[in-house]
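S.K.: Next up is a structure, given as structure tokens.
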Amino acid sequence: MSDSIPASKLDAIFKPSSVAVVGASTRPGTVGNDIFRNLLFNEFRGSVYPINPKASNVLGVHCYPDLMNVPGKVDLAVVIVPAAGILDVVDQAIAKQVQAMVVISAGFKEVGGKGAELEMQLQQKVRAAGIPLVGPNCLGVINTDPVVRMNAAFGRKMPGPGNLAFLSQSGALCTSVLDYAEERHMGFSKFISFGNKADVNEIDLLEYLAKDPTTDVIAMYLEDISDGRRFIETVRKIFWETHKPMLCLKSGRTPEGAKAVSSHTGSLAGSDSVYDALLVQSGVQRVDTIAELFDSAALYCTQPLPRGGRVAIITNAGGPGIMATDAAVRFGLTLAELSPATQEKLKDSLPATASLRNPIDVIGDARADRYRSAVRTVLEDDNVDMGMVILTPQSMTDIEDTAAVVPEAVKGIRKPVVCAFMGAKDVAPGVNILRKAGIPNYPFPEDAIRSLAAAERLVALQEIPRREMRVFDDLEVEKAKGLIAAALDGHDERYLTQAECRPLLECYRLPLLRSVIVTTADEAAEAAASFGAPVVMKVMSADVVHKFDAGGVLLNIHGAEEASAAYQKIVQNVTRAVPDAQIQGILMEEMARQGVEVILGASRDARFGPLMMFGLGGTLVEVLKDVSFRLAPMWNISAERMVRQIRSFQVLDGFRGSPPADTAAIVDTLLRLSEMVCNHPEISELDINPLIVHAQGQGCSVADSRVMLRRP
């Protein structure tokens, strides 16, 4: 895990008093010319020094041949030179006591080979010197704070000031984002393209932005995460301590997942859904598109967060009102029920043909005064948590006047309000009025509702109670360490059969069934007689991972005669299916009582550490993929939400007359497994499949288990 870069050091990047542009160019249209031009003509409050040994001046400013010839101090060096010359510039920066660097130049690890070696040398030099570096291969950084006004990037635009910070791993994306944000009248506090992150990475930037008083909302585009565990711990701290909303557009897939295929959990943990779970667990909202990112950011930057999920919809057209209603239900919001007093008040200001129920239809001929009255009346209702105003441009519609009255109507009301002035060209003047007044507008109702729903989920996450860890006092941790050490003696990795797992699971007081291992048909017959109840018989072999597929499991065996025959049949089945399998014996286990089969698992991700998995169990788990993930260790509430998150939770909650399952027992088992994988880094993968969950209050039973051990 890399150390954090202190915020005081990053001040030299975002609030320098002097900037040197190494590679400033006299040729218009070049990166070196554009960056110097942006610093010079966007009212940067400090000194700017162009560095170019072949020019006497750049844009009329005296040019210096190198950093050493600059007469004053240099806080920040922005470097645009060919990659081959970068190390010489770094040596000059160290000698000049430059405080920070931004390397725009490409040609490093993104091209592989010698480029990657060069980037490693660059990293070693700046870290040894304690000089924080953004890049290489980036667009640059922007700080719109009026006391700084620094545009050290080569985009075409200087964005306006705002309370949204945007950081991106992709420089090319940044130029499009700047243009898109300008069209939406959205400004930025900080705008950062960090490229290859040879030194300063997304975690360092997040820690800085968390303390930045000009930043209220953080949006990010990430292609990979430098240090998964540190990232999660950082964003979790930001979320719970500052409550700053964080939005993430994460592209790419986890490459580590493809290597772990010896268990259901290992197979499923390679999916991108792991990132969904981990980001949510830490308070970051993941989005799928740039449009969705800025839809939510527009709301968070300008509107108060809702106190609940009850939405009121005011519209001048029935169809869009229905579209918004459908979207509200789909995204998990509730249609607010207006009080009788509100409906009476609406009756006085709306025509007889208007709908007084939610969605409130003010009729197609509604002008600005009717909208003003309806919006104010509805938003004042205590049953309403958030509002949405829809306008379709009809021949009698006062688009600009209506846009102007919406911010007036909601003045003093601490509830989020969004608009959907539907269309493009005709509504554009009204949309500009709304956005300048801080009212987010969306081209279609579904987009507006999705953003309101995201805000409601954010609040629900912020208000999660019981953020404490369960402390177990009945665990035998040292005994478990001894069992694992003995199992790995002479091995780098080892798969444990169910019988071998049992002593380990016993150390963590997991709900195990009565069992015995037999090695002959006669022993099986004798054991069956001692059980006095139906048993399940399973092959014990490290070579047979999927026992059902190999015919290595037989259920509901009664008495000695059936047990003897079952023993012989299992041996025949496995020998035929896996000819070289070494059979250590047959596990005979009491049949569990009736219940719902679920799967519990754990795997160790190279970036994030131990991951817990939960889902409905059985052989179809990898087909259905109805599973949830959380990072271990977990809060109590995380385990509870993990169980409820799966799409098929209704099966556990009582379905078609079945009693509700004992979900508290599942949560207890999950938390014990979480403790186990955190205490023992040798556990690389673990499956309990199935865990049979009995009726509420009756607990659960481990029916099958397997563990893969690897030396860390």
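Just remember, in the structure tokens the first chain shown is A, the second B, etc., residues are 1-based per chain, and ligands are 1-based in the order shown.
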Show which residues sit within 10 Å of Thr214 of chain A, as number ranges by chain. Count only C-alpha atoms, and ignore same-chain residues fewer than 4 positions away.
M.R.: A: 144-145, 161-165, 188-190, 209-210
S.K.: Could you save those same residues with all heavy atoms as an mmCIF file, in the first residue's frame?
M.R.:
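out07.cif written:
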data_model
loop_
_atom_site.group_PDB
_atom_site.id
_atom_site.type_symbol
_atom_site.label_atom_id
_atom_site.label_comp_id
_atom_site.auth_asym_id
_atom_site.auth_seq_id
_atom_site.Cartn_x
_atom_site.Cartn_y
_atom_site.Cartn_z
ATOM 1 N N THR A 144 -10.439 26.840 -10.661
ATOM 2 C CA THR A 144 -11.221 28.033 -11.009
ATOM 3 C C THR A 144 -11.361 29.017 -9.858
ATOM 4 O O THR A 144 -11.983 30.067 -10.022
ATOM 5 C CB THR A 144 -12.634 27.626 -11.459
ATOM 6 O OG1 THR A 144 -13.321 27.034 -10.350
ATOM 7 C CG2 THR A 144 -12.590 26.644 -12.617
ATOM 8 N N ASP A 145 -10.842 28.691 -8.684
ATOM 9 C CA ASP A 145 -10.946 29.584 -7.531
ATOM 10 C C ASP A 145 -10.489 30.991 -7.942
ATOM 11 O O ASP A 145 -9.390 31.164 -8.470
ATOM 12 C CB ASP A 145 -10.052 29.050 -6.405
ATOM 13 C CG ASP A 145 -10.250 29.802 -5.097
ATOM 14 O OD1 ASP A 145 -10.693 30.966 -5.133
ATOM 15 O OD2 ASP A 145 -9.957 29.223 -4.033
ATOM 16 N N PRO A 161 -16.423 28.962 -12.447
ATOM 17 C CA PRO A 161 -16.308 28.428 -11.086
ATOM 18 C C PRO A 161 -17.562 27.656 -10.694
ATOM 19 O O PRO A 161 -18.652 27.916 -11.180
ATOM 20 C CB PRO A 161 -16.132 29.682 -10.231
ATOM 21 C CG PRO A 161 -16.753 30.787 -11.030
ATOM 22 C CD PRO A 161 -16.530 30.429 -12.463
ATOM 23 N N GLY A 162 -17.378 26.690 -9.811
ATOM 24 C CA GLY A 162 -18.493 25.885 -9.327
ATOM 25 C C GLY A 162 -18.050 25.082 -8.125
ATOM 26 O O GLY A 162 -16.928 25.223 -7.644
ATOM 27 N N ASN A 163 -18.929 24.218 -7.652
ATOM 28 C CA ASN A 163 -18.602 23.414 -6.467
ATOM 29 C C ASN A 163 -18.419 21.939 -6.802
ATOM 30 O O ASN A 163 -18.424 21.091 -5.925
ATOM 31 C CB ASN A 163 -19.688 23.584 -5.400
ATOM 32 C CG ASN A 163 -21.074 23.219 -5.900
ATOM 33 O OD1 ASN A 163 -21.289 23.041 -7.100
ATOM 34 N ND2 ASN A 163 -22.025 23.119 -4.996
ATOM 35 N N LEU A 164 -18.245 21.619 -8.090
ATOM 36 C CA LEU A 164 -18.029 20.253 -8.557
ATOM 37 C C LEU A 164 -16.566 20.058 -8.936
ATOM 38 O O LEU A 164 -16.027 20.818 -9.740
ATOM 39 C CB LEU A 164 -18.922 19.961 -9.768
ATOM 40 C CG LEU A 164 -18.666 18.638 -10.515
ATOM 41 C CD1 LEU A 164 -19.002 17.439 -9.629
ATOM 42 C CD2 LEU A 164 -19.452 18.584 -11.823
ATOM 43 N N ALA A 165 -15.930 19.042 -8.355
ATOM 44 C CA ALA A 165 -14.574 18.659 -8.763
ATOM 45 C C ALA A 165 -14.676 17.449 -9.675
ATOM 46 O O ALA A 165 -15.425 16.512 -9.398
ATOM 47 C CB ALA A 165 -13.717 18.335 -7.551
ATOM 48 N N PHE A 188 -16.782 24.255 -12.305
ATOM 49 C CA PHE A 188 -15.962 23.299 -11.551
ATOM 50 C C PHE A 188 -15.152 24.034 -10.489
ATOM 51 O O PHE A 188 -14.750 25.188 -10.689
ATOM 52 C CB PHE A 188 -14.999 22.556 -12.473
ATOM 53 C CG PHE A 188 -15.675 21.680 -13.489
ATOM 54 C CD1 PHE A 188 -15.977 22.162 -14.754
ATOM 55 C CD2 PHE A 188 -16.021 20.373 -13.177
ATOM 56 C CE1 PHE A 188 -16.606 21.355 -15.694
ATOM 57 C CE2 PHE A 188 -16.656 19.562 -14.099
ATOM 58 C CZ PHE A 188 -16.948 20.053 -15.368
ATOM 59 N N SER A 189 -14.896 23.349 -9.386
ATOM 60 C CA SER A 189 -13.937 23.859 -8.407
ATOM 61 C C SER A 189 -12.529 23.472 -8.836
ATOM 62 O O SER A 189 -11.619 24.299 -8.864
ATOM 63 C CB SER A 189 -14.249 23.312 -7.020
ATOM 64 O OG SER A 189 -14.239 21.887 -7.023
ATOM 65 N N LYS A 190 -12.362 22.199 -9.166
ATOM 66 C CA LYS A 190 -11.091 21.673 -9.669
ATOM 67 C C LYS A 190 -11.410 20.755 -10.846
ATOM 68 O O LYS A 190 -12.436 20.061 -10.855
ATOM 69 C CB LYS A 190 -10.351 20.855 -8.598
ATOM 70 C CG LYS A 190 -10.128 21.575 -7.269
ATOM 71 C CD LYS A 190 -9.097 22.668 -7.384
ATOM 72 C CE LYS A 190 -8.765 23.284 -6.026
ATOM 73 N NZ LYS A 190 -9.896 24.014 -5.426
ATOM 74 N N LEU A 209 -9.365 16.656 -2.199
ATOM 75 C CA LEU A 209 -10.667 17.265 -2.486
ATOM 76 C C LEU A 209 -11.616 17.160 -1.304
ATOM 77 O O LEU A 209 -12.506 17.999 -1.130
ATOM 78 C CB LEU A 209 -11.280 16.620 -3.728
ATOM 79 C CG LEU A 209 -10.520 16.863 -5.033
ATOM 80 C CD1 LEU A 209 -11.091 16.000 -6.150
ATOM 81 C CD2 LEU A 209 -10.555 18.337 -5.415
ATOM 82 N N ALA A 210 -11.450 16.121 -0.494
ATOM 83 C CA ALA A 210 -12.304 15.973 0.685
ATOM 84 C C ALA A 210 -12.144 17.167 1.621
ATOM 85 O O ALA A 210 -13.095 17.564 2.310
ATOM 86 C CB ALA A 210 -11.974 14.676 1.416
#
S.K.: When you look at segment 81-89 of chain A with a cut-off of 12 Å (counting only C-alpha atoms), what residues show up, excluding the ones that are within fewer than 4 positions of it in the same chain? I need them as a tab-separated table (two decimals) with N, CA and C atoms, in the first residue's frame.
M.R.:
chain	number	residue	atom	x	y	z
A	20	ALA	N	6.11	27.40	-14.25
A	20	ALA	CA	7.00	27.36	-15.41
A	20	ALA	C	6.45	26.34	-16.40
A	21	VAL	N	6.33	26.74	-17.66
A	21	VAL	CA	5.86	25.83	-18.71
A	21	VAL	C	7.08	25.38	-19.51
A	22	VAL	N	7.55	24.17	-19.21
A	22	VAL	CA	8.75	23.64	-19.86
A	22	VAL	C	8.32	22.99	-21.17
A	23	GLY	N	8.70	23.64	-22.27
A	23	GLY	CA	8.23	23.19	-23.59
A	23	GLY	C	7.19	24.14	-24.15
A	24	ALA	N	7.12	25.35	-23.58
A	24	ALA	CA	6.23	26.38	-24.14
A	24	ALA	C	6.63	26.64	-25.58
A	25	SER	N	5.63	26.78	-26.45
A	25	SER	CA	5.91	26.86	-27.88
A	25	SER	C	5.40	28.17	-28.47
A	30	THR	N	-0.24	24.17	-30.91
A	30	THR	CA	0.53	23.11	-30.26
A	30	THR	C	0.17	23.08	-28.77
A	31	VAL	N	0.41	21.94	-28.15
A	31	VAL	CA	0.09	21.81	-26.73
A	31	VAL	C	0.89	22.82	-25.91
A	32	GLY	N	2.17	22.98	-26.24
A	32	GLY	CA	3.01	23.92	-25.51
A	32	GLY	C	2.55	25.35	-25.62
A	51	ILE	N	9.53	28.21	-20.84
A	51	ILE	CA	10.86	27.61	-20.95
A	51	ILE	C	11.00	27.00	-22.33
A	52	ASN	N	11.93	27.55	-23.13
A	52	ASN	CA	12.19	27.04	-24.47
A	52	ASN	C	13.55	27.56	-24.93
A	53	PRO	N	14.55	26.71	-25.07
A	53	PRO	CA	15.89	27.18	-25.44
A	53	PRO	C	15.98	27.74	-26.85
A	65	PRO	N	15.91	29.57	-21.24
A	65	PRO	CA	16.38	28.33	-21.89
A	65	PRO	C	16.13	27.08	-21.06
A	66	ASP	N	16.11	27.23	-19.73
A	66	ASP	CA	15.86	26.07	-18.87
A	66	ASP	C	15.39	26.57	-17.51
A	67	LEU	N	15.01	25.63	-16.65
A	67	LEU	CA	14.49	25.99	-15.34
A	67	LEU	C	15.52	26.73	-14.49
A	68	MET	N	16.77	26.37	-14.63
A	68	MET	CA	17.81	26.95	-13.78
A	68	MET	C	17.98	28.44	-14.04
A	77	ALA	N	6.01	23.12	-12.14
A	77	ALA	CA	6.53	22.99	-13.50
A	77	ALA	C	5.56	22.14	-14.31
A	93	ALA	N	14.46	20.32	-12.18
A	93	ALA	CA	13.42	20.68	-11.22
A	93	ALA	C	13.89	20.42	-9.79
A	94	ILE	N	14.60	19.31	-9.61
A	94	ILE	CA	15.12	18.99	-8.27
A	94	ILE	C	16.15	20.03	-7.85
A	95	ALA	N	17.03	20.38	-8.78
A	95	ALA	CA	18.07	21.37	-8.47
A	95	ALA	C	17.46	22.74	-8.21
A	96	LYS	N	16.38	23.07	-8.90
A	96	LYS	CA	15.71	24.37	-8.76
A	96	LYS	C	14.79	24.40	-7.54
A	98	VAL	N	11.87	22.94	-7.33
A	98	VAL	CA	10.48	23.03	-7.77
A	98	VAL	C	9.62	22.20	-6.82
A	101	MET	N	5.09	18.99	-10.02
A	101	MET	CA	5.18	18.90	-11.48
A	101	MET	C	3.89	18.31	-12.06
A	102	VAL	N	3.57	18.76	-13.27
A	102	VAL	CA	2.52	18.15	-14.09
A	102	VAL	C	3.17	17.80	-15.41
A	103	VAL	N	3.22	16.52	-15.73
A	103	VAL	CA	3.86	16.08	-16.98
A	103	VAL	C	2.77	15.74	-17.98
A	104	ILE	N	2.66	16.58	-18.99
A	104	ILE	CA	1.65	16.40	-20.04
A	104	ILE	C	2.11	15.35	-21.06
A	105	SER	N	3.40	15.25	-21.27
A	105	SER	CA	3.98	14.43	-22.34
A	105	SER	C	3.49	12.99	-22.30
A	106	ALA	N	3.34	12.39	-23.48
A	106	ALA	CA	3.01	10.97	-23.62
A	106	ALA	C	4.28	10.20	-23.98
A	107	GLY	N	4.12	8.87	-24.16
A	107	GLY	CA	5.25	8.03	-24.54
A	107	GLY	C	5.83	7.25	-23.39
A	108	PHE	N	5.00	6.96	-22.40
A	108	PHE	CA	5.47	6.24	-21.21
A	108	PHE	C	4.83	4.86	-21.15
A	109	LYS	N	4.29	4.45	-20.01
A	109	LYS	CA	3.85	3.06	-19.90
A	109	LYS	C	2.70	2.71	-20.83
A	110	GLU	N	1.99	3.73	-21.33
A	110	GLU	CA	0.89	3.45	-22.24
A	110	GLU	C	1.38	2.87	-23.56
A	111	VAL	N	2.69	3.05	-23.88
A	111	VAL	CA	3.25	2.47	-25.10
A	111	VAL	C	4.04	1.20	-24.80
A	114	LYS	N	10.16	0.31	-23.48
A	114	LYS	CA	11.05	1.34	-22.95
A	114	LYS	C	10.27	2.48	-22.31
A	115	GLY	N	9.05	2.73	-22.81
A	115	GLY	CA	8.21	3.77	-22.22
A	115	GLY	C	7.87	3.45	-20.77
A	116	ALA	N	7.56	2.18	-20.51
A	116	ALA	CA	7.25	1.75	-19.14
A	116	ALA	C	8.48	1.88	-18.24
A	117	GLU	N	9.65	1.52	-18.77
A	117	GLU	CA	10.90	1.64	-18.00
A	117	GLU	C	11.19	3.11	-17.68
A	118	LEU	N	10.93	3.97	-18.66
A	118	LEU	CA	11.17	5.40	-18.47
A	118	LEU	C	10.24	5.96	-17.39
A	119	GLU	N	8.99	5.52	-17.39
A	119	GLU	CA	8.05	5.99	-16.38
A	119	GLU	C	8.47	5.53	-14.99
A	120	MET	N	8.99	4.32	-14.89
A	120	MET	CA	9.47	3.83	-13.60
A	120	MET	C	10.62	4.71	-13.09
A	121	GLN	N	11.54	5.08	-13.99
A	121	GLN	CA	12.64	5.95	-13.59
A	121	GLN	C	12.12	7.33	-13.17
A	122	LEU	N	11.14	7.82	-13.89
A	122	LEU	CA	10.52	9.11	-13.55
A	122	LEU	C	9.92	9.05	-12.15
A	123	GLN	N	9.18	7.98	-11.88
A	123	GLN	CA	8.55	7.80	-10.57
A	123	GLN	C	9.59	7.76	-9.46
A	124	GLN	N	10.64	7.00	-9.68
A	124	GLN	CA	11.68	6.87	-8.65
A	124	GLN	C	12.34	8.21	-8.34
A	125	LYS	N	12.60	9.00	-9.38
A	125	LYS	CA	13.26	10.29	-9.17
A	125	LYS	C	12.39	11.25	-8.36
A	126	VAL	N	11.12	11.40	-8.77
A	126	VAL	CA	10.28	12.40	-8.08
A	126	VAL	C	9.95	11.96	-6.66
A	135	GLY	N	0.47	12.96	-13.76
A	135	GLY	CA	0.77	12.47	-15.09
A	135	GLY	C	1.70	11.27	-15.01
A	136	PRO	N	2.47	11.02	-16.07
A	136	PRO	CA	2.46	11.71	-17.37
A	136	PRO	C	1.24	11.33	-18.21
A	137	ASN	N	1.24	11.80	-19.48
A	137	ASN	CA	0.19	11.46	-20.43
A	137	ASN	C	-1.16	11.96	-19.93
S.K.: I need the strand (DSSP E or B) residues of segment 383-599 of chain A per DSSP on the backbone, written as a VMD selection string.
M.R.: chain A and resid 386 to 391 417 to 421 441 493 to 496 512 515 to 518 535 to 540 553 to 557 585 to 590 596 to 599
S.K.: Restricting the output to C-alpha atoms, write the selected residues as an mmCIF file, in the first residue's frame.
M.R.:
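Result went into result32.cif, see below:
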data_model
loop_
_atom_site.group_PDB
_atom_site.id
_atom_site.type_symbol
_atom_site.label_atom_id
_atom_site.label_comp_id
_atom_site.auth_asym_id
_atom_site.auth_seq_id
_atom_site.Cartn_x
_atom_site.Cartn_y
_atom_site.Cartn_z
ATOM 1 C CA MET A 386 -39.156 16.200 -3.889
ATOM 2 C CA GLY A 387 -40.721 17.800 -6.940
ATOM 3 C CA MET A 388 -40.528 17.500 -10.691
ATOM 4 C CA VAL A 389 -41.877 20.038 -13.176
ATOM 5 C CA ILE A 390 -42.620 18.909 -16.734
ATOM 6 C CA LEU A 391 -43.281 21.301 -19.600
ATOM 7 C CA VAL A 417 -36.814 20.324 -7.500
ATOM 8 C CA VAL A 418 -35.925 19.322 -11.055
ATOM 9 C CA CYS A 419 -37.452 20.166 -14.415
ATOM 10 C CA ALA A 420 -38.026 18.369 -17.672
ATOM 11 C CA PHE A 421 -38.626 21.046 -20.285
ATOM 12 C CA ASN A 441 -33.223 20.476 -16.338
ATOM 13 C CA GLU A 493 -1.602 -24.288 -2.127
ATOM 14 C CA ARG A 494 -4.057 -26.931 -1.077
ATOM 15 C CA TYR A 495 -7.733 -27.658 -1.616
ATOM 16 C CA LEU A 496 -9.530 -28.876 1.503
ATOM 17 C CA LEU A 512 -22.285 -27.950 11.131
ATOM 18 C CA SER A 515 -20.980 -36.422 10.301
ATOM 19 C CA VAL A 516 -18.442 -39.240 10.054
ATOM 20 C CA ILE A 517 -15.921 -40.387 7.420
ATOM 21 C CA VAL A 518 -15.963 -44.028 6.294
ATOM 22 C CA VAL A 535 -28.006 -39.418 5.714
ATOM 23 C CA VAL A 536 -26.295 -37.887 2.704
ATOM 24 C CA MET A 537 -23.106 -39.504 1.425
ATOM 25 C CA LYS A 538 -20.398 -37.503 -0.390
ATOM 26 C CA VAL A 539 -17.071 -38.445 -1.881
ATOM 27 C CA MET A 540 -14.020 -36.922 -0.207
ATOM 28 C CA VAL A 553 -23.218 -37.358 -3.829
ATOM 29 C CA LEU A 554 -26.226 -39.503 -2.912
ATOM 30 C CA LEU A 555 -29.084 -38.197 -0.791
ATOM 31 C CA ASN A 556 -31.641 -39.597 1.617
ATOM 32 C CA ILE A 557 -29.893 -42.872 2.428
ATOM 33 C CA GLY A 585 -13.198 -41.762 1.923
ATOM 34 C CA ILE A 586 -16.917 -41.047 1.972
ATOM 35 C CA LEU A 587 -18.422 -38.434 4.247
ATOM 36 C CA MET A 588 -21.690 -39.516 5.813
ATOM 37 C CA GLU A 589 -23.699 -36.611 7.162
ATOM 38 C CA GLU A 590 -27.137 -36.299 8.669
ATOM 39 C CA VAL A 596 -33.905 -22.694 1.459
ATOM 40 C CA GLU A 597 -30.518 -23.362 -0.110
ATOM 41 C CA VAL A 598 -28.167 -20.385 -0.232
ATOM 42 C CA ILE A 599 -24.475 -19.947 -0.984
#
S.K.: Which one is closest to Pro445 of chain A: A:Val19, A:Leu461, A:Met422, A:Ile570? Count only C-alpha atoms.
M.R.: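 Of A:Val19, A:Leu461, A:Met422, A:Ile570, the one nearest Pro445 of chain A is A:Met422, counting only C-alpha atoms.
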S.K.: Find the residues near segment 474-478 of chain A: any atom within 9 Å, counting only C-alpha atoms, skip ones fewer than 3 places away on the same chain, and give them as a PyMOL selection string.
M.R.: chain A and resi 481-483+506-509+672+676+679-680
S.K.: Restricted to C-alpha atoms, what would the selected residues look like written as a JSON list (two decimals), in the first residue's frame?
M.R.:
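The file below, selection_26.json, is the result:
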[["chain", "number", "residue", "atom", "x", "y", "z"],
["A", 481, "LYS", "CA", -4.06, -20.95, 12.49],
["A", 482, "GLY", "CA", -2.52, -24.25, 13.53],
["A", 483, "LEU", "CA", -4.92, -26.24, 11.35],
["A", 506, "GLU", "CA", -15.77, -25.55, 13.99],
["A", 507, "CYS", "CA", -13.21, -23.01, 15.22],
["A", 508, "TYR", "CA", -15.59, -20.27, 14.07],
["A", 509, "ARG", "CA", -18.71, -21.98, 15.46],
["A", 672, "ARG", "CA", -18.29, -15.31, 11.21],
["A", 676, "MET", "CA", -12.35, -16.01, 9.36],
["A", 679, "ASN", "CA", -7.87, -13.51, 10.31],
["A", 680, "HIS", "CA", -6.36, -16.02, 7.90]]
S.K.: When distances are computed from only C-alpha atoms, which of A:Gln99, A:Gln462, A:Ser451, A:Ser638 shows the smallest separation from Ser296 of chain A?
M.R.: A:Ser451
S.K.: Expressed in Å to a single decimal, how great is the separation between atom CA of Ser373 of chain A and atom CA of Phe444 of chain A?
M.R.: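 Atom-to-atom, atom CA of Ser373 of chain A to atom CA of Phe444 of chain A, that is 23.1 Å.
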S.K.: Residues within 10 Å of Asn38 of chain A, please, as a list in words. Count only C-alpha atoms; anything in the same chain fewer than 3 positions from it doesn't count.
M.R.: Asn33, Asp34, Ile35, Phe41, Asn42, Glu43, Phe44, Ile142, Met150, Asn151, Ala152, Ala153, Phe154, Gly155, Arg156, Lys157 and Met158 of chain A
S.K.: Using only C-alpha atoms, determine which residues lie at most 10 Å from segment 229-240 of chain A, disregarding the query and same-chain residues fewer than 5 positions distant; provide the list as a PyMOL selection string.
M.R.: chain A and resi 1-4+202-204+206-207+209-211+245-246+278-284+461-463+605-610+631
S.K.: For the atom pair atom CA of Asp348 of chain A and atom CA of Thr377 of chain A, what is the interatomic distance in Å to one decimal place?
M.R.: 10.9 Å
S.K.: Taking only C-alpha atoms into account, name the residue in A:Asp224, A:Arg435, A:Pro681, A:Gln696 that is nearest to Pro660 of chain A.
M.R.: A:Gln696
S.K.: Could you please determine the separation between atom CA of His546 of chain A and atom CA of Ala664 of chain A in Å, to one decimal place?
M.R.: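 According to the coordinates, atom CA of His546 of chain A and atom CA of Ala664 of chain A are separated by 28.9 Å.
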S.K.: Where in segment 194-362 of chain A does DSSP assign alpha helix (DSSP H), given as a short mmCIF file (atom, residue, chain, number, x, y, z; two decimals) with C-alpha atoms, in the first residue's frame?
M.R.:
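This went into states.cif:
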data_model
loop_
_atom_site.label_atom_id
_atom_site.label_comp_id
_atom_site.auth_asym_id
_atom_site.auth_seq_id
_atom_site.Cartn_x
_atom_site.Cartn_y
_atom_site.Cartn_z
CA GLU A 202 -6.93 9.15 -7.65
CA ILE A 203 -6.71 8.37 -3.92
CA ASP A 204 -4.33 11.27 -3.22
CA LEU A 205 -6.62 13.57 -5.19
CA LEU A 206 -9.73 12.37 -3.35
CA GLU A 207 -8.07 12.99 0.02
CA TYR A 208 -7.19 16.51 -1.13
CA LEU A 209 -10.67 17.26 -2.49
CA ALA A 210 -12.30 15.97 0.69
CA GLY A 228 -8.21 -1.12 -3.91
CA ARG A 229 -8.09 -1.39 -0.15
CA ARG A 230 -6.79 2.15 0.34
CA PHE A 231 -9.31 3.49 -2.18
CA ILE A 232 -12.23 1.92 -0.32
CA GLU A 233 -10.99 3.11 3.07
CA THR A 234 -10.43 6.64 1.71
CA VAL A 235 -13.80 7.10 0.03
CA ARG A 236 -15.58 5.51 2.97
CA LYS A 237 -13.96 8.06 5.29
CA ILE A 238 -14.86 10.92 2.94
CA PHE A 239 -18.47 9.77 2.72
CA TRP A 240 -19.09 9.28 6.43
CA GLU A 241 -17.10 12.29 7.66
CA THR A 242 -17.82 14.96 5.03
CA HIS A 264 -18.31 -20.52 -7.42
CA THR A 265 -17.23 -17.48 -5.46
CA GLY A 266 -13.92 -17.19 -7.31
CA SER A 267 -15.69 -17.44 -10.65
CA LEU A 268 -18.33 -14.84 -9.86
CA SER A 273 -20.61 -6.39 -10.24
CA VAL A 274 -17.95 -6.55 -7.52
CA TYR A 275 -17.09 -2.91 -8.22
CA ASP A 276 -20.78 -2.00 -7.93
CA ALA A 277 -20.97 -3.54 -4.47
CA LEU A 278 -17.68 -2.15 -3.21
CA LEU A 279 -18.39 1.38 -4.37
CA VAL A 280 -21.86 1.37 -2.82
CA GLN A 281 -20.51 -0.11 0.41
CA ILE A 290 -21.13 10.64 -18.70
CA ALA A 291 -24.67 11.97 -19.14
CA GLU A 292 -25.85 10.13 -16.03
CA LEU A 293 -22.83 11.37 -14.10
CA PHE A 294 -23.63 15.01 -14.89
CA ASP A 295 -27.37 14.48 -14.43
CA SER A 296 -26.74 13.51 -10.82
CA ALA A 297 -23.95 16.05 -10.31
CA ALA A 298 -26.25 18.85 -11.50
CA LEU A 299 -28.74 17.95 -8.79
CA TYR A 300 -26.17 17.49 -6.02
CA CYS A 301 -24.44 20.78 -6.83
CA THR A 302 -27.58 22.92 -6.82
CA GLY A 318 -50.77 13.59 -19.44
CA GLY A 319 -48.41 11.31 -21.38
CA PRO A 320 -45.14 12.67 -19.94
CA GLY A 321 -46.74 12.59 -16.49
CA ILE A 322 -47.40 8.89 -16.92
CA MET A 323 -43.85 8.37 -18.19
CA ALA A 324 -42.51 10.07 -15.07
CA THR A 325 -44.80 7.98 -12.85
CA ASP A 326 -43.61 4.74 -14.45
CA ALA A 327 -40.00 5.83 -14.05
CA ALA A 328 -40.57 6.73 -10.39
CA VAL A 329 -41.87 3.24 -9.65
CA ARG A 330 -39.07 1.64 -11.67
CA PRO A 340 -56.85 17.12 1.24
CA ALA A 341 -55.82 20.67 2.14
CA THR A 342 -53.36 20.77 -0.74
CA GLN A 343 -55.94 19.44 -3.17
CA GLU A 344 -58.44 22.08 -2.04
CA LYS A 345 -55.86 24.80 -2.54
CA LEU A 346 -55.06 23.47 -6.01
CA LYS A 347 -58.76 23.47 -6.89
CA ASP A 348 -58.85 27.23 -6.35
CA SER A 349 -56.03 27.93 -8.84
#
